[in-house]
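A.B. asks: Got a structure for you, input-v5.cif, holding mmCIF, C-alpha atoms and all ligand atoms.
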data_coords
loop_
_atom_site.label_atom_id
_atom_site.label_comp_id
_atom_site.auth_asym_id
_atom_site.auth_seq_id
_atom_site.Cartn_x
_atom_site.Cartn_y
_atom_site.Cartn_z
CA MET Q 3 7.82 -9.17 12.41
CA VAL Q 4 4.92 -8.90 9.99
CA ASN Q 5 3.53 -12.24 8.87
CA SER Q 6 3.49 -13.12 5.22
CA ALA Q 7 0.13 -13.67 3.57
CA ILE Q 8 1.76 -15.06 0.45
CA THR Q 9 5.19 -16.56 -0.15
CA ALA Q 10 6.47 -18.16 -3.31
CA ARG Q 11 9.96 -19.48 -3.95
CA GLY Q 12 11.12 -20.64 -7.33
CA LEU Q 13 7.64 -20.73 -8.83
CA ARG Q 14 7.78 -22.35 -12.26
CA LYS Q 15 5.20 -23.08 -14.92
CA ALA Q 16 5.51 -24.13 -18.55
CA TYR Q 17 2.98 -25.01 -21.21
CA GLY Q 18 4.74 -27.50 -23.46
CA ASP Q 19 8.12 -25.98 -24.24
CA HIS Q 20 6.82 -22.46 -23.54
CA THR Q 21 8.13 -21.39 -20.14
CA VAL Q 22 5.56 -18.98 -18.70
CA LEU Q 23 7.01 -18.52 -15.18
CA ASP Q 24 10.71 -19.08 -14.92
CA GLY Q 25 11.31 -19.36 -11.18
CA ILE Q 26 9.73 -16.38 -9.47
CA ASP Q 27 9.92 -15.38 -5.80
CA LEU Q 28 7.21 -13.34 -4.10
CA THR Q 29 6.55 -12.24 -0.54
CA VAL Q 30 3.41 -10.34 0.39
CA ALA Q 31 2.99 -9.06 3.96
CA GLU Q 32 -0.39 -9.37 5.67
CA GLY Q 33 -2.65 -6.35 5.37
CA THR Q 34 -0.80 -4.86 2.41
CA ILE Q 35 -1.50 -4.35 -1.29
CA PHE Q 36 0.92 -6.07 -3.61
CA SER Q 37 0.86 -5.44 -7.33
CA LEU Q 38 2.19 -7.71 -10.04
CA LEU Q 39 2.79 -5.45 -12.98
CA GLY Q 40 3.36 -6.73 -16.47
CA PRO Q 41 2.33 -6.43 -20.12
CA ASN Q 42 -0.02 -8.79 -21.99
CA GLY Q 43 1.22 -12.36 -21.86
CA ALA Q 44 3.71 -11.71 -19.04
CA GLY Q 45 2.22 -14.48 -16.89
CA LYS Q 46 0.06 -12.48 -14.47
CA THR Q 47 -3.08 -14.59 -14.76
CA THR Q 48 -1.02 -17.77 -14.63
CA THR Q 49 0.52 -16.58 -11.35
CA VAL Q 50 -2.91 -15.79 -9.89
CA GLN Q 51 -4.24 -19.18 -11.01
CA ILE Q 52 -1.39 -20.97 -9.25
CA LEU Q 53 -1.61 -18.91 -6.04
CA THR Q 54 -5.37 -19.52 -5.91
CA THR Q 55 -4.98 -23.31 -6.51
CA LEU Q 56 -6.83 -23.25 -9.85
CA ILE Q 57 -3.84 -24.76 -11.63
CA ALA Q 58 -0.76 -26.52 -10.32
CA ALA Q 59 2.75 -25.14 -10.61
CA ASP Q 60 5.50 -27.30 -12.13
CA GLY Q 61 7.81 -26.39 -9.27
CA GLY Q 62 8.36 -24.10 -6.32
CA ASP Q 63 7.29 -23.69 -2.70
CA ILE Q 64 4.14 -21.65 -2.44
CA ALA Q 65 2.09 -20.82 0.64
CA VAL Q 66 -0.98 -18.63 1.11
CA GLY Q 67 -1.91 -17.78 4.70
CA GLY Q 68 0.58 -20.41 5.81
CA HIS Q 69 -1.13 -23.17 3.78
CA ASP Q 70 0.86 -24.93 1.08
CA VAL Q 71 -0.99 -24.57 -2.25
CA ALA Q 72 0.18 -27.97 -3.47
CA HIS Q 73 -0.74 -29.99 -0.37
CA ASP Q 74 -3.51 -28.05 1.31
CA ARG Q 75 -5.74 -26.63 -1.41
CA GLU Q 76 -8.81 -26.59 0.82
CA GLY Q 77 -6.95 -24.65 3.50
CA VAL Q 78 -5.97 -22.05 0.93
CA ARG Q 79 -9.43 -21.87 -0.62
CA GLU Q 80 -11.08 -21.15 2.72
CA LEU Q 81 -8.92 -18.05 3.13
CA ILE Q 82 -9.07 -16.47 -0.28
CA GLY Q 83 -11.36 -14.60 -2.62
CA VAL Q 84 -10.67 -14.27 -6.33
CA THR Q 85 -11.94 -11.74 -8.82
CA GLY Q 86 -10.88 -13.04 -12.20
CA GLN Q 87 -9.91 -11.08 -15.27
CA PHE Q 88 -13.37 -11.79 -16.68
CA ALA Q 89 -16.36 -11.10 -14.46
CA ALA Q 90 -18.11 -13.96 -12.68
CA VAL Q 91 -21.38 -12.00 -12.59
CA ASP Q 92 -24.50 -13.80 -13.87
CA GLU Q 93 -26.10 -11.20 -16.14
CA LEU Q 94 -29.58 -12.72 -15.91
CA LEU Q 95 -29.68 -12.24 -12.15
CA THR Q 96 -29.98 -8.95 -10.28
CA GLY Q 97 -27.06 -7.64 -8.25
CA ARG Q 98 -28.71 -8.80 -5.05
CA GLU Q 99 -29.46 -12.23 -6.50
CA ASN Q 100 -25.85 -12.61 -7.58
CA LEU Q 101 -24.77 -11.92 -4.01
CA HIS Q 102 -27.35 -14.38 -2.63
CA MET Q 103 -26.03 -17.00 -5.03
CA MET Q 104 -22.51 -16.46 -3.67
CA GLY Q 105 -23.85 -16.84 -0.13
CA ASP Q 106 -25.41 -20.19 -1.09
CA LEU Q 107 -22.18 -21.33 -2.71
CA ASN Q 108 -20.40 -20.46 0.53
CA HIS Q 109 -23.06 -22.32 2.57
CA LEU Q 110 -23.98 -19.24 4.57
CA PRO Q 111 -27.30 -19.27 6.41
CA ARG Q 112 -29.94 -17.46 4.29
CA ARG Q 113 -30.56 -14.74 6.85
CA ASP Q 114 -26.85 -13.92 7.11
CA THR Q 115 -26.60 -13.85 3.34
CA ARG Q 116 -29.46 -11.39 3.04
CA SER Q 117 -28.04 -8.92 5.52
CA LEU Q 118 -24.53 -9.31 4.10
CA ALA Q 119 -25.85 -8.65 0.58
CA THR Q 120 -27.56 -5.45 1.76
CA GLU Q 121 -24.36 -4.32 3.48
CA LEU Q 122 -22.22 -5.05 0.41
CA LEU Q 123 -24.64 -3.30 -1.96
CA GLU Q 124 -24.24 -0.20 0.20
CA ARG Q 125 -20.47 -0.44 0.45
CA PHE Q 126 -20.17 -0.84 -3.32
CA ASP Q 127 -22.63 1.92 -4.16
CA LEU Q 128 -25.12 -0.42 -5.84
CA VAL Q 129 -28.21 0.19 -3.73
CA GLU Q 130 -30.26 1.76 -6.52
CA ALA Q 131 -29.34 -0.92 -9.03
CA ALA Q 132 -29.63 -3.78 -6.54
CA ASP Q 133 -32.83 -5.23 -7.95
CA LYS Q 134 -32.13 -4.66 -11.63
CA PRO Q 135 -30.65 -7.39 -13.84
CA ALA Q 136 -26.85 -7.21 -14.00
CA SER Q 137 -27.15 -7.11 -17.80
CA THR Q 138 -28.23 -3.46 -17.41
CA TYR Q 139 -25.12 -2.52 -15.37
CA SER Q 140 -22.29 -0.37 -16.71
CA GLY Q 141 -18.77 -1.78 -16.85
CA GLY Q 142 -17.87 -0.07 -13.58
CA MET Q 143 -20.99 -1.35 -11.81
CA THR Q 144 -20.32 -4.90 -13.03
CA ARG Q 145 -16.78 -4.75 -11.66
CA ARG Q 146 -18.04 -3.44 -8.34
CA LEU Q 147 -20.59 -6.24 -8.12
CA ASP Q 148 -17.92 -8.77 -9.04
CA LEU Q 149 -15.72 -7.46 -6.22
CA ALA Q 150 -18.64 -7.51 -3.80
CA MET Q 151 -19.29 -11.15 -4.71
CA THR Q 152 -15.66 -11.96 -3.91
CA LEU Q 153 -16.19 -10.62 -0.38
CA VAL Q 154 -19.16 -12.85 0.45
CA GLY Q 155 -16.95 -15.65 1.78
CA ASN Q 156 -15.18 -13.15 4.10
CA PRO Q 157 -11.75 -13.82 2.55
CA ARG Q 158 -8.53 -12.73 4.27
CA VAL Q 159 -6.51 -12.66 1.05
CA ILE Q 160 -8.07 -11.24 -2.09
CA PHE Q 161 -6.74 -11.78 -5.60
CA LEU Q 162 -7.76 -9.24 -8.22
CA ASP Q 163 -6.71 -9.96 -11.78
CA GLU Q 164 -6.70 -6.67 -13.69
CA PRO Q 165 -9.62 -5.22 -11.72
CA THR Q 166 -9.89 -1.98 -13.70
CA THR Q 167 -8.91 -2.93 -17.24
CA GLY Q 168 -11.27 -1.26 -19.69
CA LEU Q 169 -12.86 1.09 -17.15
CA ASP Q 170 -13.01 4.85 -17.55
CA PRO Q 171 -10.90 6.95 -15.14
CA ARG Q 172 -13.81 7.72 -12.82
CA SER Q 173 -14.87 4.08 -12.44
CA ARG Q 174 -11.23 3.15 -11.98
CA ARG Q 175 -10.87 5.61 -9.12
CA ALA Q 176 -14.03 4.24 -7.50
CA ILE Q 177 -12.52 0.74 -7.56
CA TRP Q 178 -9.25 2.05 -6.14
CA ASP Q 179 -11.12 3.66 -3.23
CA ILE Q 180 -12.94 0.39 -2.56
CA ILE Q 181 -9.70 -1.61 -2.59
CA ARG Q 182 -8.04 0.83 -0.20
CA GLY Q 183 -11.09 0.60 2.05
CA LEU Q 184 -10.87 -3.19 2.15
CA VAL Q 185 -7.32 -3.05 3.38
CA ASP Q 186 -7.80 -0.14 5.80
CA GLU Q 187 -11.10 -1.24 7.32
CA LEU Q 188 -11.05 -5.01 7.03
CA GLY Q 189 -7.31 -5.57 7.18
CA VAL Q 190 -7.35 -7.95 4.22
CA THR Q 191 -4.34 -8.58 2.00
CA VAL Q 192 -4.71 -7.74 -1.68
CA PHE Q 193 -2.75 -9.31 -4.52
CA LEU Q 194 -3.51 -7.36 -7.64
CA THR Q 195 -2.33 -7.67 -11.21
CA THR Q 196 -2.36 -4.73 -13.55
CA GLN Q 197 -0.97 -3.40 -16.77
CA TYR Q 198 -1.46 0.13 -15.51
CA LEU Q 199 1.57 1.73 -13.97
CA GLU Q 200 -0.53 4.41 -12.36
CA GLU Q 201 -2.70 1.80 -10.68
CA ALA Q 202 0.30 0.11 -9.10
CA ASP Q 203 1.73 3.49 -8.15
CA GLN Q 204 -1.53 4.64 -6.52
CA LEU Q 205 -2.45 1.47 -4.69
CA ALA Q 206 0.41 -0.86 -4.04
CA ASP Q 207 2.65 -1.00 -0.99
CA ARG Q 208 5.02 -3.11 -3.06
CA ILE Q 209 5.27 -3.75 -6.77
CA ALA Q 210 6.91 -6.59 -8.69
CA VAL Q 211 7.56 -6.11 -12.39
CA LEU Q 212 7.02 -9.35 -14.33
CA ASP Q 213 8.58 -9.68 -17.74
CA HIS Q 214 8.96 -12.84 -19.78
CA GLY Q 215 8.28 -15.01 -16.74
CA ARG Q 216 10.80 -13.36 -14.44
CA ILE Q 217 10.56 -10.69 -11.77
CA VAL Q 218 12.85 -8.00 -13.16
CA ALA Q 219 12.39 -5.57 -10.24
CA GLU Q 220 10.61 -5.45 -6.91
CA GLY Q 221 10.09 -2.74 -4.33
CA THR Q 222 7.97 0.23 -3.37
CA ALA Q 223 7.02 2.60 -6.18
CA ALA Q 224 9.60 5.06 -4.86
CA GLU Q 225 12.32 2.39 -4.79
CA LEU Q 226 11.57 1.35 -8.36
CA LYS Q 227 11.69 4.95 -9.52
CA ARG Q 228 15.07 5.41 -7.88
CA LEU Q 229 16.47 2.45 -9.84
CA ILE Q 230 16.72 4.46 -12.99
CA PRO Q 231 18.39 7.72 -13.88
CA GLY Q 232 16.48 10.89 -14.70
CA GLY Q 233 15.52 12.04 -11.21
CA HIS Q 234 16.50 15.55 -10.23
CA ILE Q 235 15.98 18.31 -7.72
CA ARG Q 236 14.58 21.57 -9.09
CA ILE Q 237 15.41 24.84 -7.40
CA ASP Q 238 13.76 28.14 -8.31
CA PHE Q 239 15.50 31.47 -7.78
CA ALA Q 240 14.23 35.03 -7.60
CA ASP Q 241 16.92 36.43 -9.91
CA GLN Q 242 19.90 35.63 -12.11
CA ALA Q 243 22.46 36.57 -9.47
CA ALA Q 244 21.13 34.00 -7.00
CA LEU Q 245 20.95 31.37 -9.72
CA ALA Q 246 24.51 32.01 -10.85
CA ALA Q 247 25.78 31.82 -7.25
CA ALA Q 248 23.95 28.54 -6.72
CA GLN Q 249 25.25 27.08 -9.95
CA TYR Q 250 28.76 27.90 -8.84
CA ALA Q 251 28.19 26.38 -5.39
CA LEU Q 252 26.56 23.19 -6.68
CA GLY Q 253 29.09 22.56 -9.42
CA PRO Q 254 28.85 21.51 -13.07
CA SER Q 255 26.09 18.92 -12.58
CA ALA Q 256 23.61 21.74 -11.86
CA ARG Q 257 22.05 22.96 -15.11
CA VAL Q 258 19.52 25.61 -15.96
CA LEU Q 259 16.26 23.78 -16.61
CA ASP Q 260 15.28 23.70 -20.28
CA GLY Q 261 12.01 25.28 -21.25
CA GLY Q 262 11.54 27.23 -18.02
CA ASP Q 263 11.91 30.92 -17.27
CA GLY Q 264 15.68 30.59 -16.96
CA LEU Q 265 15.54 30.89 -13.17
CA THR Q 266 15.35 27.19 -12.32
CA LEU Q 267 18.28 24.86 -11.74
CA ALA Q 268 18.06 21.08 -12.11
CA VAL Q 269 20.48 18.95 -10.06
CA PRO Q 270 20.64 15.19 -10.69
CA SER Q 271 19.36 13.22 -7.69
CA ASP Q 272 18.26 9.73 -6.71
CA GLY Q 273 15.18 11.28 -5.11
CA GLY Q 274 16.39 10.41 -1.61
CA VAL Q 275 16.41 12.69 1.43
CA ARG Q 276 20.18 12.61 1.65
CA SER Q 277 20.78 14.18 -1.76
CA LEU Q 278 18.14 16.81 -1.04
CA ARG Q 279 19.83 17.68 2.26
CA ALA Q 280 23.21 17.92 0.55
CA VAL Q 281 21.84 20.47 -1.91
CA LEU Q 282 20.18 22.50 0.85
CA ASP Q 283 23.37 22.45 2.94
CA LEU Q 284 25.43 23.76 0.01
CA LEU Q 285 22.98 26.61 -0.58
CA ASP Q 286 22.88 27.41 3.13
CA ALA Q 287 26.64 27.47 3.42
CA GLU Q 288 26.79 30.14 0.72
CA ASN Q 289 23.77 32.03 2.07
CA ILE Q 290 21.90 31.58 -1.19
CA GLU Q 291 18.15 32.05 -1.00
CA ALA Q 292 16.03 29.57 -2.98
CA GLY Q 293 12.47 30.55 -3.95
CA GLY Q 294 11.19 26.98 -4.14
CA ILE Q 295 12.55 23.47 -4.25
CA SER Q 296 11.01 20.23 -5.49
CA VAL Q 297 12.11 16.66 -6.14
CA HIS Q 298 11.30 15.05 -9.49
CA THR Q 299 11.51 11.29 -9.80
CA PRO Q 300 10.94 9.33 -12.99
CA ASN Q 301 7.46 7.84 -13.23
CA LEU Q 302 6.78 4.12 -13.45
CA ASP Q 303 6.46 4.36 -17.23
CA ASP Q 304 10.12 5.36 -17.35
CA VAL Q 305 10.98 2.52 -14.98
CA PHE Q 306 9.11 -0.04 -17.03
CA LEU Q 307 10.64 1.13 -20.27
CA THR Q 308 14.13 0.99 -18.80
CA LEU Q 309 13.68 -2.41 -17.16
CA THR Q 310 11.98 -4.21 -20.01
CA GLY Q 311 13.37 -2.29 -22.95
CA ARG Q 312 9.93 -1.50 -24.25
CA ALA Q 313 6.74 0.28 -23.33
CA THR Q 314 3.87 -2.01 -24.29
CA ILE Q 315 5.08 -3.68 -27.45
CA GLU Q 316 4.70 -7.22 -26.13
CA GLN Q 317 2.22 -8.01 -28.92
CA GLU Q 318 4.86 -7.51 -31.59
CA SER Q 319 7.34 -9.90 -30.05
CA LEU Q 320 4.63 -12.53 -29.70
CA ALA Q 321 3.56 -12.24 -33.33
N1 LIG Y 1 -3.75 -22.96 -20.77
C1 LIG Y 1 -2.72 -22.48 -21.48
N2 LIG Y 1 -2.14 -23.24 -22.43
C2 LIG Y 1 -1.09 -22.77 -23.16
N3 LIG Y 1 -0.53 -21.54 -22.98
C3 LIG Y 1 -1.07 -20.76 -22.03
C4 LIG Y 1 -2.19 -21.17 -21.24
N4 LIG Y 1 -2.50 -20.17 -20.39
C5 LIG Y 1 -1.63 -19.17 -20.64
N5 LIG Y 1 -0.76 -19.52 -21.63
C6 LIG Y 1 0.33 -18.68 -22.14
O1 LIG Y 1 1.09 -18.24 -21.06
C7 LIG Y 1 1.54 -16.90 -21.25
C8 LIG Y 1 1.11 -16.04 -20.07
O2 LIG Y 1 -0.31 -15.95 -20.06
P1 LIG Y 1 -1.09 -15.16 -18.91
O3 LIG Y 1 -2.52 -15.29 -19.24
O4 LIG Y 1 -0.64 -15.61 -17.59
O5 LIG Y 1 -0.59 -13.67 -19.19
P2 LIG Y 1 -1.14 -12.31 -18.56
O6 LIG Y 1 0.05 -11.60 -18.01
O7 LIG Y 1 -2.27 -12.58 -17.66
O8 LIG Y 1 -1.65 -11.53 -19.85
P3 LIG Y 1 -2.91 -10.51 -20.02
O9 LIG Y 1 -2.41 -9.16 -19.59
O10 LIG Y 1 -3.17 -10.54 -21.49
O11 LIG Y 1 -4.05 -11.01 -19.21
C9 LIG Y 1 0.94 -16.45 -22.57
O12 LIG Y 1 1.93 -16.57 -23.58
C10 LIG Y 1 -0.18 -17.43 -22.80
O13 LIG Y 1 -0.39 -17.62 -24.17
MG MG Y 2 -4.24 -12.05 -17.60
#
Write the structure described by the file as structure tokens, please.
C.D. replies:
Amino acid sequence: MVNSAITARGLRKAYGDHTVLDGIDLTVAEGTIFSLLGPNGAGKTTTVQILTTLIAADGGDIAVGGHDVAHDREGVRELIGVTGQFAAVDELLTGRENLHMMGDLNHLPRRDTRSLATELLERFDLVEAADKPASTYSGGMTRRLDLAMTLVGNPRVIFLDEPTTGLDPRSRRAIWDIIRGLVDELGVTVFLTTQYLEEADQLADRIAVLDHGRIVAEGTAAELKRLIPGGHIRIDFADQAALAAAQYALGPSARVLDGGDGLTLAVPSDGGVRSLRAVLDLLDAENIEAGGISVHTPNLDDVFLTLTGRATIEQESLA
């Protein structure tokens, strides 16, 4: 069995009479990327703060790397690295100096710190900017430096609170590649919060959707997409005769796809292999030739909208 890097049971937190986390359960396997997905104010940062021992929960059993966050804060802190929602970079220092400062904070020997800084500057594509003040860095470079600083203590579990918010698509992709590399090459566990469905979809092994302090769904991206209707199998045909024969064989749920060339059928499907095989078997049995076949699942935007009843209108309900 795979060990858990993070487990939380019944995690609760309130500020006054405002319940922020209303009893959430989380399990993150070692060496995986877990994404907590939620709109503004959902409680993402609060969750990260509790898991990283920065604030105390009101209730719940929570362990990181087997250490209880309530009773063994030091044990947890030795294992983790945290990149907060707002960068910890000192703008007056150069990139290299920021890394050296982190080495000192972690009580690393100076020589080790220097070689580690050089290695991290390379890994994070900051060699040219290494000796320039961080105030001259772009948003993407600052985030990369911030991430590099998190790695100085050689953490086994890394918490990233909205690591790409505000970045352009190219910088975002660069961060995604780095995060994947950390997991693949170093075997670390990543707990990541995001408001971006695509980010969770691209990176995460498992995703939990947080809404109003509760986990409203949890699973792989594919599992979440299968939770909601709208998925279908598309089958292209060479001519009308083949399409008509297929429509007859597949029954009334098969419809000609709107907006196409009139030679594509859409059959409702949960996106699973079984429903695909059933369609192929029916076509085979009737000797109907399909030109092409593809499976369309709803994207995470559809999932989020269905689960939470809104796209990103959290602001309005807070106002
Ligand atoms: N120290 C605090 N005192 C009072 N309320 C707080 C405090 N910290 C957070 N909150 C409230 O808790 C709720 C969740 O906040 P949190 O910062 O965890 O959300 P978030 O999901 O990280 O949002 P964002 O996407 O904007 O970063 C919000 O309503 C916020 O106002
Ligand atoms: Mg936040």
A.B. asks: Compute the set of protein, DNA and RNA residues whose minimum atom distance to ligand LIG 1 (chain Y) is at most 7 Å, using only C-alpha atoms and all ligand atoms, and state it as a list of chain:residue names.
C.D. replies: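 Based on only C-alpha atoms and all ligand atoms, ligand LIG 1 (chain Y) is surrounded within 7 Å by Q:Tyr17, Q:Val22, Q:Gly40, Q:Pro41, Q:Asn42, Q:Gly43, Q:Ala44, Q:Gly45, Q:Lys46, Q:Thr47, Q:Thr48, Q:Thr49, Q:Gln197.
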A.B. asks: Smallest atom-to-atom distance to Q:Asn5: which of Q:Thr191, Q:Ser37, Q:Thr55, Q:Thr196, using all atoms listed in the file?
C.D. replies: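 Of Q:Thr191, Q:Ser37, Q:Thr55, Q:Thr196, the one nearest Q:Asn5 is Q:Thr191, counting all atoms listed in the file.
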A.B. asks: Considering only C-alpha atoms, state which residue in the set Q:Arg276, Q:Arg79, Q:Arg257, Q:His234 is at the smallest distance from Q:Ile295.
C.D. replies: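 Looking only at the distances to Q:Ile295, the closest residue turns out to be Q:His234.
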A.B. asks: Considering all atoms listed in the file, state which residue in the set Q:Asp106, Q:Asp24, Q:Asp238, Q:Glu225 is at the smallest distance from Q:Gly273.
C.D. replies: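 Among Q:Asp106, Q:Asp24, Q:Asp238, Q:Glu225, it is Q:Glu225 that comes nearest to Q:Gly273.
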A.B. asks: Let me make sure I understand: among Q:Ala59, Q:Leu153, Q:Leu194, Q:Val71, which one has the smallest atom-to-atom distance to ligand MG 2 (chain Y) if we use all atoms listed in the file?
C.D. replies: Q:Leu194
A.B. asks: I'd like the neighbourhood of Q:Val218 as a list in words, where a residue qualifies if any of its atoms comes within 12 Å (using all atoms listed in the file), though same-chain residues fewer than 2 positions away should be ignored.
C.D. replies: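 Contacts, with the query itself left out: Asp24, Gly25, Ile26, Asp27, Leu28, Leu38, Leu39, Gly40, Ala44, Ile209, Ala210, Val211, Leu212, Asp213, His214, Gly215, Arg216, Glu220, Gly221, Leu226, Leu229, Val305, Phe306, Leu307, Thr308, Leu309, Thr310 and Gly311 of chain Q.
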A.B. asks: From the set Q:Ala89, Q:Leu128, Q:Ala10, Q:Leu252, which residue has the shortest atom-to-atom contact distance to Q:Asp70, counting only C-alpha atoms?
C.D. replies: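 Using only C-alpha atoms, Q:Asp70 sits closest to Q:Ala10.
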A.B. asks: Taking (-8.7, -9.8, -2.6) in the file's own coordinates, collect the residues within 7 Å, counting only C-alpha atoms, and hand them back as a VMD selection string.
C.D. replies: chain Q and resid 83 to 84 159 to 162 191 to 193
A.B. asks: With all atoms listed in the file as the basis for distance, which of Q:Asp304, Q:Glu124, Q:Glu187, Q:Glu164 is at the shortest distance from ligand MG 2 (chain Y)?
C.D. replies: Q:Glu164
A.B. asks: What lies within 6 Å of Q:Gly97 using all atoms listed in the file, ignoring chain neighbours under 2 positions off, as a ChimeraX atom specification?
C.D. replies: /Q:99-100,132,136
A.B. asks: Within 10 Å of stretch 29-34 of chain Q, counting all atoms listed in the file, which residues show up once you throw out same-chain ones fewer than 6 positions away? Write them as a ChimeraX atom specification, please.
C.D. replies: /Q:3-11,64-67,158-159,182,184-186,188-193,205-210
A.B. asks: Step by step, gather every atom of stretch 98-114 of chain Q that the file lists, find the box along x, y and z that holds them, add 3 Å on each side, and finally give centre and edge lengths in Å to one decimal, as AutoDock Vina command-line options.
C.D. replies:
--center_x -25.5 --center_y -15.6 --center_z -0.2 --size_x 16.2 --size_y 19.5 --size_z 20.7
A.B. asks: Report the distance between atom CA of Q:Ile237 and atom CA of Q:Ala256 in Å, rounded to one decimal place.
C.D. replies: 9.8 Å
A.B. asks: Between atom CA of Q:Leu94 and atom CA of Q:Leu81, what distance in Å does the model show, to one decimal?
C.D. replies: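 These two atoms are separated by 28.6 Å.
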A.B. asks: Could you jot down the atom CA of Q:Tyr139 to atom CA of Q:Asp179 separation for me, Å, one decimal place?
C.D. replies: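 It comes out at 19.5 Å.
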A.B. asks: With only C-alpha atoms as the counted atoms, please give the residues lying no more than 12 Å from Q:Leu95, apart from itself and same-chain residues fewer than 5 positions off, as a short mmCIF file (atom, residue, chain, number, x, y, z; two decimals) with C-alpha atoms, in the coordinates of the input.
C.D. replies:
data_model
loop_
_atom_site.label_atom_id
_atom_site.label_comp_id
_atom_site.auth_asym_id
_atom_site.auth_seq_id
_atom_site.Cartn_x
_atom_site.Cartn_y
_atom_site.Cartn_z
CA ALA Q 90 -18.11 -13.96 -12.68
CA ASN Q 100 -25.85 -12.61 -7.58
CA LEU Q 101 -24.77 -11.92 -4.01
CA HIS Q 102 -27.35 -14.38 -2.63
CA MET Q 103 -26.03 -17.00 -5.03
CA MET Q 104 -22.51 -16.46 -3.67
CA ALA Q 131 -29.34 -0.92 -9.03
CA ALA Q 132 -29.63 -3.78 -6.54
CA ASP Q 133 -32.83 -5.23 -7.95
CA LYS Q 134 -32.13 -4.66 -11.63
CA PRO Q 135 -30.65 -7.39 -13.84
CA ALA Q 136 -26.85 -7.21 -14.00
CA SER Q 137 -27.15 -7.11 -17.80
CA THR Q 138 -28.23 -3.46 -17.41
CA TYR Q 139 -25.12 -2.52 -15.37
CA THR Q 144 -20.32 -4.90 -13.03
CA LEU Q 147 -20.59 -6.24 -8.12
#
A.B. asks: Please tell me which residues are no farther than 12 Å from (-23.4, -10.3, 5.2) in the file, counting only C-alpha atoms, and write them as a compact mmCIF listing (two decimals) with C-alpha atoms, in the frame of the given file.
C.D. replies:
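Writing done, so here's result_23.txt:
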# COMPACT_ATOMS: atom_id res chain seq x y z
CA ARG Q 98 -28.71 -8.80 -5.05
CA LEU Q 101 -24.77 -11.92 -4.01
CA HIS Q 102 -27.35 -14.38 -2.63
CA MET Q 104 -22.51 -16.46 -3.67
CA GLY Q 105 -23.85 -16.84 -0.13
CA ASP Q 106 -25.41 -20.19 -1.09
CA ASN Q 108 -20.40 -20.46 0.53
CA LEU Q 110 -23.98 -19.24 4.57
CA PRO Q 111 -27.30 -19.27 6.41
CA ARG Q 112 -29.94 -17.46 4.29
CA ARG Q 113 -30.56 -14.74 6.85
CA ASP Q 114 -26.85 -13.92 7.11
CA THR Q 115 -26.60 -13.85 3.34
CA ARG Q 116 -29.46 -11.39 3.04
CA SER Q 117 -28.04 -8.92 5.52
CA LEU Q 118 -24.53 -9.31 4.10
CA ALA Q 119 -25.85 -8.65 0.58
CA THR Q 120 -27.56 -5.45 1.76
CA GLU Q 121 -24.36 -4.32 3.48
CA LEU Q 122 -22.22 -5.05 0.41
CA LEU Q 123 -24.64 -3.30 -1.96
CA GLU Q 124 -24.24 -0.20 0.20
CA ARG Q 125 -20.47 -0.44 0.45
CA ALA Q 150 -18.64 -7.51 -3.80
CA MET Q 151 -19.29 -11.15 -4.71
CA LEU Q 153 -16.19 -10.62 -0.38
CA VAL Q 154 -19.16 -12.85 0.45
CA GLY Q 155 -16.95 -15.65 1.78
CA ASN Q 156 -15.18 -13.15 4.10
